$ cat structure22.cif   # mmCIF, C-alpha atoms and all ligand atoms
data_entry
#
loop_
_atom_site.label_atom_id
_atom_site.label_comp_id
_atom_site.auth_asym_id
_atom_site.auth_seq_id
_atom_site.Cartn_x
_atom_site.Cartn_y
_atom_site.Cartn_z
CA MET A 1 -17.52 9.89 -24.11
CA THR A 2 -14.89 12.01 -22.40
CA GLU A 3 -11.19 11.53 -21.85
CA ALA A 4 -10.04 10.88 -18.29
CA PRO A 5 -8.52 14.07 -16.87
CA HIS A 6 -4.78 14.09 -16.27
CA VAL A 7 -3.91 14.83 -12.64
CA ASP A 8 -0.49 16.24 -11.95
CA VAL A 9 0.36 14.32 -8.78
CA ASP A 10 2.58 11.30 -8.19
CA PRO A 11 0.74 8.65 -6.19
CA PHE A 12 3.68 6.27 -6.82
CA ALA A 13 6.28 8.29 -4.90
CA ALA A 14 8.10 6.70 -1.96
CA THR A 15 6.61 7.93 1.30
CA SER A 16 7.41 8.31 4.97
CA ARG A 17 4.69 9.72 7.20
CA GLY A 18 2.98 9.43 10.56
CA ILE A 19 0.57 6.55 11.21
CA ASP A 20 -2.37 8.95 11.28
CA GLU A 21 -1.49 10.78 8.07
CA PRO A 22 -3.58 9.73 5.06
CA ALA A 23 -1.90 8.66 1.83
CA PRO A 24 -1.05 11.81 -0.11
CA ASP A 25 -2.78 12.62 -3.41
CA ARG A 26 -5.70 10.24 -3.07
CA ALA A 27 -8.23 13.01 -2.43
CA ALA A 28 -6.94 14.93 -5.48
CA LEU A 29 -7.29 11.85 -7.69
CA ARG A 30 -10.81 11.19 -6.52
CA ALA A 31 -11.87 14.81 -6.84
CA ALA A 32 -10.80 14.78 -10.51
CA GLY A 33 -13.20 12.01 -11.54
CA PRO A 34 -14.10 8.30 -11.41
CA ILE A 35 -11.19 7.50 -13.76
CA VAL A 36 -8.15 9.75 -13.99
CA GLN A 37 -4.83 9.71 -15.80
CA VAL A 38 -1.46 10.09 -14.10
CA ASP A 39 2.12 9.62 -15.26
CA ALA A 40 3.06 5.95 -14.93
CA PRO A 41 6.30 5.10 -13.06
CA ALA A 42 7.63 3.24 -16.12
CA GLY A 43 6.66 6.01 -18.55
CA GLY A 44 3.56 7.10 -20.45
CA ARG A 45 0.14 7.38 -18.88
CA ALA A 46 -1.69 5.18 -16.40
CA TRP A 47 -5.43 5.22 -15.77
CA ILE A 48 -6.55 5.04 -12.13
CA VAL A 49 -10.08 4.11 -11.11
CA THR A 50 -11.15 6.08 -8.04
CA ASP A 51 -14.83 5.12 -7.86
CA ASP A 52 -16.20 2.07 -6.07
CA ALA A 53 -18.86 1.06 -8.63
CA VAL A 54 -16.56 1.59 -11.63
CA ALA A 55 -13.85 -0.38 -9.84
CA ARG A 56 -16.15 -3.39 -9.52
CA GLN A 57 -17.02 -3.22 -13.21
CA VAL A 58 -13.38 -2.92 -14.23
CA LEU A 59 -12.28 -5.81 -12.01
CA ALA A 60 -14.92 -8.10 -13.52
CA ASP A 61 -14.51 -7.06 -17.18
CA PRO A 62 -12.77 -9.61 -19.46
CA ARG A 63 -11.65 -6.81 -21.79
CA LEU A 64 -9.07 -5.93 -19.16
CA VAL A 65 -6.33 -8.51 -18.72
CA LYS A 66 -3.37 -9.05 -16.42
CA ASP A 67 -0.96 -10.74 -18.82
CA PRO A 68 2.21 -8.58 -18.74
CA ALA A 69 2.55 -9.30 -22.48
CA GLN A 70 -0.12 -6.60 -22.87
CA ALA A 71 1.85 -3.97 -20.91
CA PRO A 72 2.99 -0.92 -22.89
CA PRO A 73 5.94 -2.11 -25.02
CA THR A 74 7.98 0.91 -23.92
CA TRP A 75 7.81 -0.05 -20.24
CA ASP A 76 10.95 -1.16 -18.51
CA ARG A 77 9.76 -4.36 -16.86
CA ARG A 78 11.81 -3.86 -13.70
CA THR A 79 10.68 -0.26 -13.13
CA ALA A 80 7.11 -1.40 -13.67
CA GLY A 81 7.65 -4.43 -11.37
CA LEU A 82 6.19 -6.79 -13.98
CA GLU A 83 6.22 -10.56 -13.86
CA ARG A 84 7.14 -12.48 -16.98
CA THR A 85 4.35 -12.93 -19.52
CA ALA A 86 1.65 -15.58 -19.10
CA ALA A 87 3.24 -17.60 -21.91
CA GLU A 88 6.62 -17.53 -20.15
CA GLN A 89 5.30 -17.86 -16.60
CA PRO A 90 1.71 -18.98 -16.23
CA SER A 91 0.44 -18.00 -12.78
CA LEU A 92 -2.70 -16.76 -11.05
CA THR A 93 -1.43 -13.22 -11.46
CA THR A 94 -0.50 -13.44 -15.16
CA LEU A 95 -3.26 -15.64 -16.61
CA ASP A 96 -6.70 -14.46 -17.66
CA GLY A 97 -10.00 -16.04 -18.67
CA PRO A 98 -10.44 -19.83 -18.80
CA ALA A 99 -6.75 -20.63 -18.16
CA HIS A 100 -6.87 -18.48 -15.03
CA ALA A 101 -10.17 -20.05 -13.92
CA ARG A 102 -8.64 -23.52 -14.30
CA LEU A 103 -5.65 -22.64 -12.16
CA ARG A 104 -7.94 -20.96 -9.59
CA ARG A 105 -9.96 -24.19 -9.33
CA ALA A 106 -6.75 -26.05 -8.53
CA HIS A 107 -5.87 -23.61 -5.73
CA ALA A 108 -9.26 -22.69 -4.29
CA PRO A 109 -10.09 -25.82 -2.22
CA LEU A 110 -6.80 -25.48 -0.34
CA LEU A 111 -7.60 -22.05 1.06
CA THR A 112 -11.35 -22.10 1.76
CA GLY A 113 -12.71 -20.73 5.04
CA LYS A 114 -13.33 -24.29 6.22
CA ARG A 115 -9.81 -25.50 5.45
CA ILE A 116 -8.31 -22.45 7.10
CA ARG A 117 -10.52 -22.73 10.20
CA GLU A 118 -9.20 -26.27 10.65
CA GLN A 119 -5.78 -24.66 11.11
CA SER A 120 -7.03 -22.11 13.62
CA ASP A 121 -5.55 -23.73 16.76
CA ARG A 122 -2.22 -24.21 15.04
CA ILE A 123 -2.13 -20.60 13.84
CA HIS A 124 -2.94 -19.31 17.33
CA GLU A 125 -0.20 -21.56 18.72
CA ILE A 126 2.36 -20.11 16.29
CA ALA A 127 1.38 -16.56 17.26
CA ARG A 128 1.56 -17.43 20.97
CA ASP A 129 4.95 -19.17 20.71
CA LEU A 130 6.52 -16.30 18.78
CA LEU A 131 5.15 -13.56 21.04
CA THR A 132 6.14 -15.52 24.16
CA ALA A 133 9.67 -15.91 22.80
CA SER A 134 9.94 -12.09 22.57
CA ALA A 135 8.29 -11.36 25.89
CA GLY A 136 11.42 -11.63 28.05
CA ALA A 137 12.84 -8.31 26.85
CA ALA A 138 11.64 -5.11 28.52
CA GLU A 139 10.87 -3.73 25.06
CA VAL A 140 10.57 -5.45 21.69
CA ASP A 141 10.10 -3.99 18.20
CA LEU A 142 7.34 -6.23 16.85
CA ALA A 143 7.86 -4.82 13.32
CA ALA A 144 11.53 -5.91 13.36
CA ASP A 145 10.80 -9.61 13.59
CA PHE A 146 7.36 -10.78 14.71
CA THR A 147 5.26 -9.26 11.90
CA THR A 148 7.55 -10.90 9.32
CA ARG A 149 8.27 -14.19 11.07
CA TYR A 150 4.71 -15.04 12.07
CA PRO A 151 3.06 -15.03 8.61
CA ILE A 152 5.98 -16.82 6.92
CA THR A 153 5.92 -19.47 9.68
CA VAL A 154 2.19 -19.99 9.18
CA LEU A 155 2.62 -20.28 5.40
CA LEU A 156 5.53 -22.72 5.62
CA ASP A 157 3.66 -24.80 8.18
CA LEU A 158 0.57 -24.95 5.94
CA LEU A 159 2.58 -25.78 2.83
CA GLY A 160 4.47 -28.56 4.60
CA VAL A 161 7.87 -26.87 4.42
CA PRO A 162 10.11 -27.97 7.32
CA LEU A 163 10.21 -25.20 9.92
CA ASP A 164 14.00 -25.27 10.17
CA ARG A 165 13.70 -23.07 7.08
CA VAL A 166 11.94 -20.28 8.97
CA ASP A 167 15.05 -18.26 9.92
CA ARG A 168 16.33 -18.11 6.36
CA ALA A 169 12.87 -17.45 4.98
CA THR A 170 12.32 -14.60 7.46
CA GLU A 171 15.63 -13.07 6.42
CA ALA A 172 14.64 -13.34 2.74
CA CYS A 173 11.31 -11.63 3.45
CA ARG A 174 13.18 -8.82 5.19
CA LEU A 175 15.46 -8.35 2.20
CA MET A 176 12.42 -8.06 -0.02
CA LEU A 177 11.29 -5.02 1.95
CA GLY A 178 14.31 -3.04 0.75
CA THR A 179 14.98 -1.40 -2.58
CA ASP A 180 18.27 -3.04 -3.61
CA PRO A 181 17.59 -5.17 -6.73
CA ALA A 182 20.44 -7.56 -5.82
CA ASP A 183 18.92 -8.17 -2.39
CA GLN A 184 15.52 -8.69 -3.93
CA GLY A 185 16.90 -11.15 -6.47
CA ALA A 186 18.56 -13.14 -3.66
CA ALA A 187 15.35 -13.03 -1.61
CA ILE A 188 13.22 -14.24 -4.50
CA SER A 189 15.47 -17.21 -5.19
CA ALA A 190 15.49 -18.10 -1.48
CA LEU A 191 11.67 -18.01 -1.48
CA MET A 192 11.54 -20.04 -4.72
CA ASP A 193 13.50 -22.81 -2.96
CA LEU A 194 10.88 -23.04 -0.23
CA GLY A 195 8.21 -24.47 -2.52
CA ALA A 196 10.57 -27.24 -3.58
CA ALA A 197 11.30 -27.94 0.09
CA GLY A 198 7.56 -28.35 0.70
CA LEU A 199 7.33 -30.84 -2.16
CA ASP A 200 10.30 -32.90 -0.99
CA SER A 201 9.70 -32.84 2.77
CA GLY A 202 7.74 -36.06 2.96
CA GLN A 203 4.94 -34.08 4.69
CA ARG A 204 1.51 -33.90 3.10
CA GLY A 205 1.03 -30.16 3.23
CA LEU A 206 -0.66 -27.83 0.78
CA ALA A 207 2.39 -27.85 -1.51
CA VAL A 208 1.94 -31.55 -2.27
CA GLU A 209 -1.83 -31.11 -2.52
CA LEU A 210 -1.44 -28.28 -5.00
CA ARG A 211 0.93 -30.35 -7.15
CA GLU A 212 -1.72 -33.06 -7.31
CA ARG A 213 -4.44 -30.60 -8.28
CA VAL A 214 -2.82 -28.47 -11.00
CA PRO A 215 -3.58 -29.27 -14.67
CA PRO A 216 -1.58 -32.30 -15.84
CA GLU A 217 0.59 -30.36 -18.29
CA THR A 218 2.01 -28.22 -15.44
CA THR A 219 5.80 -28.55 -15.21
CA ALA A 220 7.72 -28.94 -11.93
CA ASP A 221 9.10 -25.40 -12.34
CA GLU A 222 5.59 -24.05 -12.79
CA VAL A 223 4.41 -25.77 -9.60
CA ASN A 224 7.34 -24.17 -7.78
CA TYR A 225 6.36 -20.80 -9.14
CA HIS A 226 2.75 -21.23 -8.00
CA LEU A 227 4.01 -21.99 -4.50
CA PHE A 228 6.35 -19.00 -4.63
CA ALA A 229 3.45 -16.82 -5.77
CA LEU A 230 1.41 -17.81 -2.71
CA ILE A 231 4.29 -16.94 -0.41
CA PHE A 232 5.12 -13.71 -2.22
CA ALA A 233 1.51 -12.48 -2.40
CA GLY A 234 0.74 -13.54 1.15
CA GLN A 235 3.80 -12.39 3.02
CA LEU A 236 4.42 -8.68 2.57
CA THR A 237 0.71 -7.89 2.70
CA THR A 238 0.09 -9.72 5.96
CA ASP A 239 3.35 -8.42 7.47
CA ALA A 240 2.34 -4.82 6.85
CA SER A 241 -1.23 -5.34 8.10
CA LEU A 242 -0.03 -6.96 11.32
CA GLY A 243 1.99 -3.89 12.28
CA PHE A 244 -0.95 -1.51 11.89
CA LEU A 245 -3.33 -3.96 13.53
CA LEU A 246 -1.25 -4.63 16.63
CA ALA A 247 -0.52 -0.91 17.00
CA ARG A 248 -4.24 -0.20 16.98
CA ALA A 249 -5.03 -3.10 19.31
CA LEU A 250 -2.49 -1.78 21.82
CA ALA A 251 -3.72 1.78 21.53
CA ASP A 252 -7.28 0.51 21.95
CA GLY A 253 -6.48 -1.39 25.16
CA PRO A 254 -8.23 -4.45 26.56
CA GLY A 255 -11.98 -4.59 26.16
CA GLY A 256 -11.82 -2.30 23.13
CA THR A 257 -13.10 -2.97 19.61
CA PRO A 258 -13.85 -6.70 19.04
CA ASP A 259 -11.03 -8.52 17.23
CA ASP A 260 -12.84 -9.11 13.94
CA GLU A 261 -14.10 -5.54 13.77
CA LEU A 262 -10.61 -4.22 14.45
CA VAL A 263 -9.20 -6.43 11.67
CA ARG A 264 -11.81 -5.17 9.20
CA ALA A 265 -11.34 -1.53 10.15
CA THR A 266 -7.54 -1.80 9.97
CA LEU A 267 -7.56 -3.40 6.53
CA ARG A 268 -9.91 -0.72 5.28
CA ARG A 269 -7.86 2.14 6.71
CA TYR A 270 -4.39 0.69 5.89
CA PRO A 271 -4.88 -1.66 2.92
CA PRO A 272 -1.48 -3.30 2.38
CA ALA A 273 -2.18 -3.44 -1.37
CA PRO A 274 -3.08 0.26 -1.87
CA PHE A 275 -3.60 -0.40 -5.58
CA THR A 276 -4.54 -3.56 -7.43
CA LEU A 277 -1.92 -5.08 -9.72
CA TRP A 278 -1.76 -3.73 -13.27
CA ARG A 279 -4.41 -4.57 -15.81
CA TYR A 280 -4.39 -3.60 -19.51
CA THR A 281 -7.28 -2.87 -21.84
CA THR A 282 -7.28 -5.21 -24.86
CA THR A 283 -9.54 -2.85 -26.83
CA GLU A 284 -10.98 0.64 -26.43
CA VAL A 285 -13.46 0.58 -23.52
CA GLU A 286 -15.80 2.99 -21.78
CA PHE A 287 -16.74 3.15 -18.12
CA ALA A 288 -18.89 5.87 -16.56
CA GLY A 289 -18.73 7.77 -19.85
CA VAL A 290 -14.92 7.85 -19.80
CA ARG A 291 -12.89 6.45 -22.72
CA LEU A 292 -9.86 4.26 -22.16
CA PRO A 293 -7.83 3.51 -25.27
CA ALA A 294 -6.68 -0.01 -26.19
CA GLY A 295 -3.47 -0.94 -24.38
CA ALA A 296 -4.15 1.39 -21.42
CA PRO A 297 -2.50 0.31 -18.16
CA VAL A 298 -5.13 0.47 -15.40
CA LEU A 299 -5.07 0.36 -11.61
CA VAL A 300 -7.83 0.52 -9.04
CA ASP A 301 -7.14 2.88 -6.14
CA ILE A 302 -8.08 0.51 -3.33
CA GLN A 303 -6.82 2.88 -0.63
CA GLY A 304 -8.71 5.90 -1.92
CA ILE A 305 -11.94 3.96 -2.44
CA ASN A 306 -11.74 2.31 0.99
CA ALA A 307 -11.15 5.69 2.62
CA HIS A 308 -14.38 7.05 1.18
CA GLY A 309 -16.56 4.41 2.74
CA GLY A 310 -17.44 2.43 -0.38
CA ALA A 311 -17.50 -1.37 -0.23
CA ASP A 312 -14.19 -2.60 1.15
CA LEU A 313 -11.81 -3.48 -1.69
CA SER A 314 -8.85 -4.53 0.49
CA PHE A 315 -8.81 -8.01 -1.05
CA GLY A 316 -9.86 -6.90 -4.54
CA ALA A 317 -12.96 -8.13 -6.38
CA GLY A 318 -13.90 -10.29 -9.37
CA PRO A 319 -12.05 -13.34 -10.68
CA HIS A 320 -8.70 -12.28 -9.17
CA PHE A 321 -10.13 -11.67 -5.66
CA CYS A 322 -7.44 -12.53 -3.12
CA ILE A 323 -7.26 -16.29 -2.82
CA GLY A 324 -5.62 -15.98 0.61
CA ALA A 325 -8.24 -13.66 2.13
CA GLN A 326 -9.53 -16.26 4.61
CA LEU A 327 -6.04 -17.17 5.72
CA ALA A 328 -4.93 -13.55 6.07
CA GLN A 329 -7.96 -12.61 8.17
CA LEU A 330 -7.57 -15.61 10.45
CA GLU A 331 -3.88 -14.83 10.95
CA LEU A 332 -4.71 -11.24 11.81
CA ARG A 333 -7.51 -12.16 14.19
CA ALA A 334 -5.33 -14.79 15.87
CA ALA A 335 -2.52 -12.30 16.48
CA VAL A 336 -4.86 -9.81 18.19
CA ALA A 337 -6.62 -12.52 20.18
CA VAL A 338 -3.32 -13.92 21.48
CA LEU A 339 -1.94 -10.48 22.25
CA ARG A 340 -5.04 -9.53 24.20
CA ALA A 341 -5.50 -12.84 26.02
CA ASP A 342 -1.89 -13.73 26.85
CA PHE A 343 -0.35 -10.28 27.21
CA PRO A 344 -3.06 -8.21 28.93
CA ASP A 345 -0.51 -5.68 30.22
CA ALA A 346 1.18 -5.14 26.84
CA ARG A 347 1.57 -1.49 25.87
CA LEU A 348 3.14 0.68 23.23
CA THR A 349 6.29 2.32 24.56
CA VAL A 350 5.76 5.42 22.38
CA PRO A 351 2.50 7.30 21.84
CA PHE A 352 0.43 5.82 18.98
CA GLY A 353 0.57 9.08 17.03
CA GLU A 354 4.37 8.97 16.95
CA LEU A 355 4.47 5.67 15.05
CA ARG A 356 5.60 6.11 11.45
CA GLN A 357 4.84 4.28 8.20
CA SER A 358 7.02 4.23 5.12
CA GLY A 359 6.90 2.65 1.69
CA VAL A 360 9.15 2.28 -1.33
CA GLY A 361 6.46 3.61 -3.65
CA GLY A 362 5.25 2.21 -6.96
CA ILE A 363 2.10 0.19 -6.34
CA GLN A 364 3.38 -1.10 -3.01
CA GLY A 365 1.97 -0.08 0.32
CA THR A 366 3.50 1.16 3.53
CA ARG A 367 4.61 -0.59 6.65
CA LEU A 368 5.37 0.63 10.16
CA THR A 369 9.04 1.58 10.53
CA ALA A 370 8.97 0.31 14.12
CA LEU A 371 6.44 -0.98 16.67
CA PRO A 372 8.10 -0.76 20.10
CA VAL A 373 6.12 -2.67 22.71
CA ALA A 374 6.53 -3.78 26.32
CA LEU A 375 4.73 -7.11 26.16
CA ARG A 376 4.62 -7.60 29.93
CA GLY A 377 3.60 -4.01 30.60
C1 LIG A 401 -3.86 -8.77 4.51
C2 LIG A 401 -3.40 -9.62 3.62
C3 LIG A 401 -3.70 -9.60 2.16
C4 LIG A 401 -4.22 -8.61 1.37
C5 LIG A 401 -4.72 -7.24 1.78
C6 LIG A 401 -4.28 -9.13 0.01
C7 LIG A 401 -4.78 -8.41 -1.07
C8 LIG A 401 -4.92 -8.93 -2.34
C9 LIG A 401 -5.51 -8.23 -3.46
C10 LIG A 401 -6.04 -6.81 -3.43
C11 LIG A 401 -5.50 -9.07 -4.53
C12 LIG A 401 -6.07 -8.80 -5.92
C13 LIG A 401 -5.09 -8.10 -6.82
C14 LIG A 401 -5.68 -7.73 -8.17
O1 LIG A 401 -6.85 -7.97 -8.43
O2 LIG A 401 -4.92 -7.18 -8.99
C15 LIG A 401 -4.87 -10.30 -4.10
C16 LIG A 401 -4.65 -11.39 -4.90
C17 LIG A 401 -3.96 -12.51 -4.49
N1 LIG A 401 -3.58 -12.83 -3.19
FE1 LIG A 401 -3.80 -11.66 -1.58
N2 LIG A 401 -3.79 -10.41 0.01
C18 LIG A 401 -3.45 -10.74 1.30
C19 LIG A 401 -2.97 -11.96 1.74
C20 LIG A 401 -2.77 -13.06 0.95
C21 LIG A 401 -2.35 -14.36 1.41
C22 LIG A 401 -2.12 -14.74 2.87
C23 LIG A 401 -2.18 -15.13 0.29
C24 LIG A 401 -1.76 -16.58 0.14
C25 LIG A 401 -1.64 -17.45 1.04
C26 LIG A 401 -2.52 -14.33 -0.85
C27 LIG A 401 -2.47 -14.76 -2.15
C28 LIG A 401 -2.95 -14.05 -3.22
C29 LIG A 401 -2.89 -14.54 -4.60
C30 LIG A 401 -2.25 -15.84 -5.06
C31 LIG A 401 -3.53 -13.57 -5.38
C32 LIG A 401 -3.76 -13.62 -6.88
C33 LIG A 401 -5.13 -14.19 -7.13
C34 LIG A 401 -5.52 -14.18 -8.60
O3 LIG A 401 -4.99 -13.35 -9.34
O4 LIG A 401 -6.36 -15.02 -8.97
N3 LIG A 401 -2.89 -13.08 -0.42
N4 LIG A 401 -4.54 -10.19 -2.76
#

$ encode --input "structure22.cif" --output "structure tokens" --more "lines below"
Ligand code: HEM
Amino acid sequence: MTEAPHVDVDPFAATSRGIDEPAPDRAALRAAGPIVQVDAPAGGRAWIVTDDAVARQVLADPRLVKDPAQAPPTWDRRTAGLERTAAEQPSLTTLDGPAHARLRRAHAPLLTGKRIREQSDRIHEIARDLLTASAGAAEVDLAADFTTRYPITVLLDLLGVPLDRVDRATEACRLMLGTDPADQGAAISALMDLGAAGLDSGQRGLAVELRERVPPETTADEVNYHLFALIFAGQLTTDASLGFLLARALADGPGGTPDDELVRATLRRYPPAPFTLWRYTTTEVEFAGVRLPAGAPVLVDIQGINAHGGADLSFGAGPHFCIGAQLAQLELRAAVAVLRADFPDARLTVPFGELRQSGVGGIQGTRLTALPVALRG
């Protein structure tokens, strides 16, 4: 067994770069081995998996857990962006093993391909209405409003949250994109209120259905948190993907790459979750001949692995595979389809190569800084 080599780069640095520029450092990480060590943002070492096959093993291995209680005790929870522990805040992203599987079973039927396809017309309608509302202006920055407003509208509509909440929810999502902790705190509480609104609206949306399906000991606060978690996990990811996708669709022109192929290629090239969430080894483990000590914080480099043509890991793998993958892909396909069908003359008002992406760093991805478009040509 060998130790993972330490690589002296910072893949967690904030970044601002052109749309065509690859994420820095990924090639150096991969070149150093299938598992490498780097300095973790919250101190100490982190282990990053750069190899496709090892990633799949790691993501399916019960000796690695997500419960933040297992994070290095020296980590500052805010710097590390950790949720509360599974005991304090049971959720899909903090629970492991049978408790996680039980909660997954409660969620899964709500977001299957079949359930989501039943919403297809409605999702297309939301995309069409929002794009049409912006089409009057000679030029519109789709990354300033549309890419945020469209996915939050779809989520609220599905959950049964009254749509008069959309403006405030969109504003909260925008605040979450920044770095000010006070703004983020305000945004999170605004998003937490949305779940409650879905439960009290008198509509039978997915919020009410989820409440009926969770294990009987689940408290009202926990149900609210599960709803918040769906919104939180689904929003920033889809927002970021939409920007890259629409930029590519516009650069491609009508009659270009088919919608579903473009969605797949965009997710692979610009995965909005460039890393998985943190996992921690509960015991010493070995993968590909490399030793990881007990208590090691581990990430999978989704972006680096995707870039090298391995199986696409954009939505993760194993028991924590993205539960919203069907919804996200339908939303993305619907946005391209509507753009192409209803706005055939739409064009970027700057050359594609001049578009820029930026990100706050940590394990978060990048987003276009602007997407200026003339929707009517
Ligand atoms: C393009 C859009 C999206 C991408 C790329 C994405 C990506 C991911 C990835 C990589 C994971 C696994 C993280 C890990 O294993 O550590 C994940 C989990 C998750 N995603 Fe998504 N996601 C997207 C959209 C959504 C949407 C729309 C929803 C909800 C409606 C959602 C809800 C979740 C939840 C709840 C989890 C945690 C699942 C679990 O731990 O069991 N995601 N997502």

$ atom_distance --input "structure22.cif" --atom1 "CA of Pro372 (chain A)" --atom2 "CA of Thr132 (chain A)"
15.4 Å

$ residues_near_point --input "structure22.cif" --point "(11.1, 8.1, -22.0)" --cutoff "10 Å" --atoms "only C-alpha atoms" --output "list in words"
Ala42, Gly43, Gly44, Thr74, Trp75 and Asp76 of chain A

$ closest_residue --input "structure22.cif" --among "A:Pro271, A:Gly361, A:Gly253, A:Gly309" --to "Asp345 (chain A)" --atoms "only C-alpha atoms"
A:Gly253

$ closest_atom_pairs --input "structure22.cif" --of "chain A" --to "ligand LIG 401 (chain A)" --cutoff "6 Å" --atoms "all atoms listed in the file" --output "JSON lines"
{"residue": "A:Leu92", "atom": "CA", "partner": "A:LIG401", "partner_atom": "O3", "distance": 4.4}
{"residue": "A:Thr93", "atom": "CA", "partner": "A:LIG401", "partner_atom": "O3", "distance": 4.1}
{"residue": "A:Ala229", "atom": "CA", "partner": "A:LIG401", "partner_atom": "C30", "distance": 5.8}
{"residue": "A:Leu230", "atom": "CA", "partner": "A:LIG401", "partner_atom": "C24", "distance": 4.4}
{"residue": "A:Ala233", "atom": "CA", "partner": "A:LIG401", "partner_atom": "C27", "distance": 4.6}
{"residue": "A:Gly234", "atom": "CA", "partner": "A:LIG401", "partner_atom": "C21", "distance": 3.2}
{"residue": "A:Thr237", "atom": "CA", "partner": "A:LIG401", "partner_atom": "C2", "distance": 4.6}
{"residue": "A:Thr238", "atom": "CA", "partner": "A:LIG401", "partner_atom": "C2", "distance": 4.2}
{"residue": "A:Ser241", "atom": "CA", "partner": "A:LIG401", "partner_atom": "C1", "distance": 5.6}
{"residue": "A:Pro271", "atom": "CA", "partner": "A:LIG401", "partner_atom": "C5", "distance": 5.7}
{"residue": "A:Pro272", "atom": "CA", "partner": "A:LIG401", "partner_atom": "C5", "distance": 5.1}
{"residue": "A:Ala273", "atom": "CA", "partner": "A:LIG401", "partner_atom": "C10", "distance": 5.5}
{"residue": "A:Thr276", "atom": "CA", "partner": "A:LIG401", "partner_atom": "O2", "distance": 4.0}
{"residue": "A:Leu277", "atom": "CA", "partner": "A:LIG401", "partner_atom": "O2", "distance": 3.7}
{"residue": "A:Ser314", "atom": "CA", "partner": "A:LIG401", "partner_atom": "C5", "distance": 5.1}
{"residue": "A:Phe315", "atom": "CA", "partner": "A:LIG401", "partner_atom": "C10", "distance": 3.8}
{"residue": "A:Gly316", "atom": "CA", "partner": "A:LIG401", "partner_atom": "C10", "distance": 4.0}
{"residue": "A:His320", "atom": "CA", "partner": "A:LIG401", "partner_atom": "O4", "distance": 3.6}
{"residue": "A:Phe321", "atom": "CA", "partner": "A:LIG401", "partner_atom": "C12", "distance": 5.0}
{"residue": "A:Cys322", "atom": "CA", "partner": "A:LIG401", "partner_atom": "C16", "distance": 3.5}
{"residue": "A:Ile323", "atom": "CA", "partner": "A:LIG401", "partner_atom": "C28", "distance": 4.9}
{"residue": "A:Gly324", "atom": "CA", "partner": "A:LIG401", "partner_atom": "C23", "distance": 3.6}
{"residue": "A:Ala325", "atom": "CA", "partner": "A:LIG401", "partner_atom": "C19", "distance": 5.6}
{"residue": "A:Leu327", "atom": "CA", "partner": "A:LIG401", "partner_atom": "C22", "distance": 5.4}
{"residue": "A:Ala328", "atom": "CA", "partner": "A:LIG401", "partner_atom": "C22", "distance": 4.4}

$ residues_near_point --input "structure22.cif" --point "(-6.3, -7.1, 11.3)" --cutoff "8 Å" --atoms "all atoms listed in the file" --output "compact mmCIF listing (two decimals) with C-alpha atoms, keeping the file's coordinate frame"
# COMPACT_ATOMS: atom_id res chain seq x y z
CA SER A 241 -1.23 -5.34 8.10
CA LEU A 242 -0.03 -6.96 11.32
CA PHE A 244 -0.95 -1.51 11.89
CA LEU A 245 -3.33 -3.96 13.53
CA LEU A 246 -1.25 -4.63 16.63
CA ASP A 259 -11.03 -8.52 17.23
CA ASP A 260 -12.84 -9.11 13.94
CA LEU A 262 -10.61 -4.22 14.45
CA VAL A 263 -9.20 -6.43 11.67
CA ARG A 264 -11.81 -5.17 9.20
CA ALA A 265 -11.34 -1.53 10.15
CA THR A 266 -7.54 -1.80 9.97
CA LEU A 267 -7.56 -3.40 6.53
CA GLN A 329 -7.96 -12.61 8.17
CA LEU A 332 -4.71 -11.24 11.81
CA ARG A 333 -7.51 -12.16 14.19
CA VAL A 336 -4.86 -9.81 18.19

$ residues_around --input "structure22.cif" --residues "Thr283 (chain A)" --least-positions-apart "2" --cutoff "12 Å" --atoms "all atoms listed in the file" --output "PyMOL selection string"
chain A and resi 61-65+70+280-281+285-286+291-297

$ closest_residue --input "structure22.cif" --among "A:Leu29, A:Gln326, A:Ser16, A:Ala220" --to "Gly113 (chain A)" --atoms "all atoms listed in the file"
A:Gln326

$ atom_distance --input "structure22.cif" --atom1 "CA of Ala13 (chain A)" --atom2 "CA of Pro41 (chain A)"
8.8 Å

$ closest_residue --input "structure22.cif" --among "A:Asn224, A:Asn306, A:Ser91, A:Thr282" --to "Asp193 (chain A)" --atoms "all atoms listed in the file"
A:Asn224

$ atom_distance --input "structure22.cif" --atom1 "CA of Ala317 (chain A)" --atom2 "CA of Leu95 (chain A)"
16.0 Å

$ closest_residue --input "structure22.cif" --among "A:Ile188, A:Ala172, A:Leu159, A:Val214" --to "His100 (chain A)" --atoms "only C-alpha atoms"
A:Val214

$ closest_residue --input "structure22.cif" --among "A:Val38, A:Ala207, A:Ala138, A:Ala370" --to "Asp25 (chain A)" --atoms "all atoms listed in the file"
A:Val38

$ axis_aligned_box --input "structure22.cif" --around "region 300-318 of chain A" --padding-each-side "3 Å" --output "JSON"
{"center_x": -12.2, "center_y": -1.6, "center_z": -3.3, "size_x": 16.7, "size_y": 23.3, "size_z": 18.1}

$ closest_residue --input "structure22.cif" --among "A:Pro151, A:Gly185, A:Pro216, A:Pro109" --to "Asp239 (chain A)" --atoms "only C-alpha atoms"
A:Pro151

$ residues_around --input "structure22.cif" --residues "region 156-158 of chain A" --least-positions-apart "4" --cutoff "8 Å" --atoms "only C-alpha atoms" --output "list in words"
Ile152, Pro162, Leu163, Val166, Leu194, Gly198, Gly205 and Leu206 of chain A

$ residues_around --input "structure22.cif" --residues "region 117-121 of chain A" --least-positions-apart "2" --cutoff "9 Å" --atoms "all atoms listed in the file" --output "PyMOL selection string"
chain A and resi 112-115+123-126+158+326-327+330-331+334
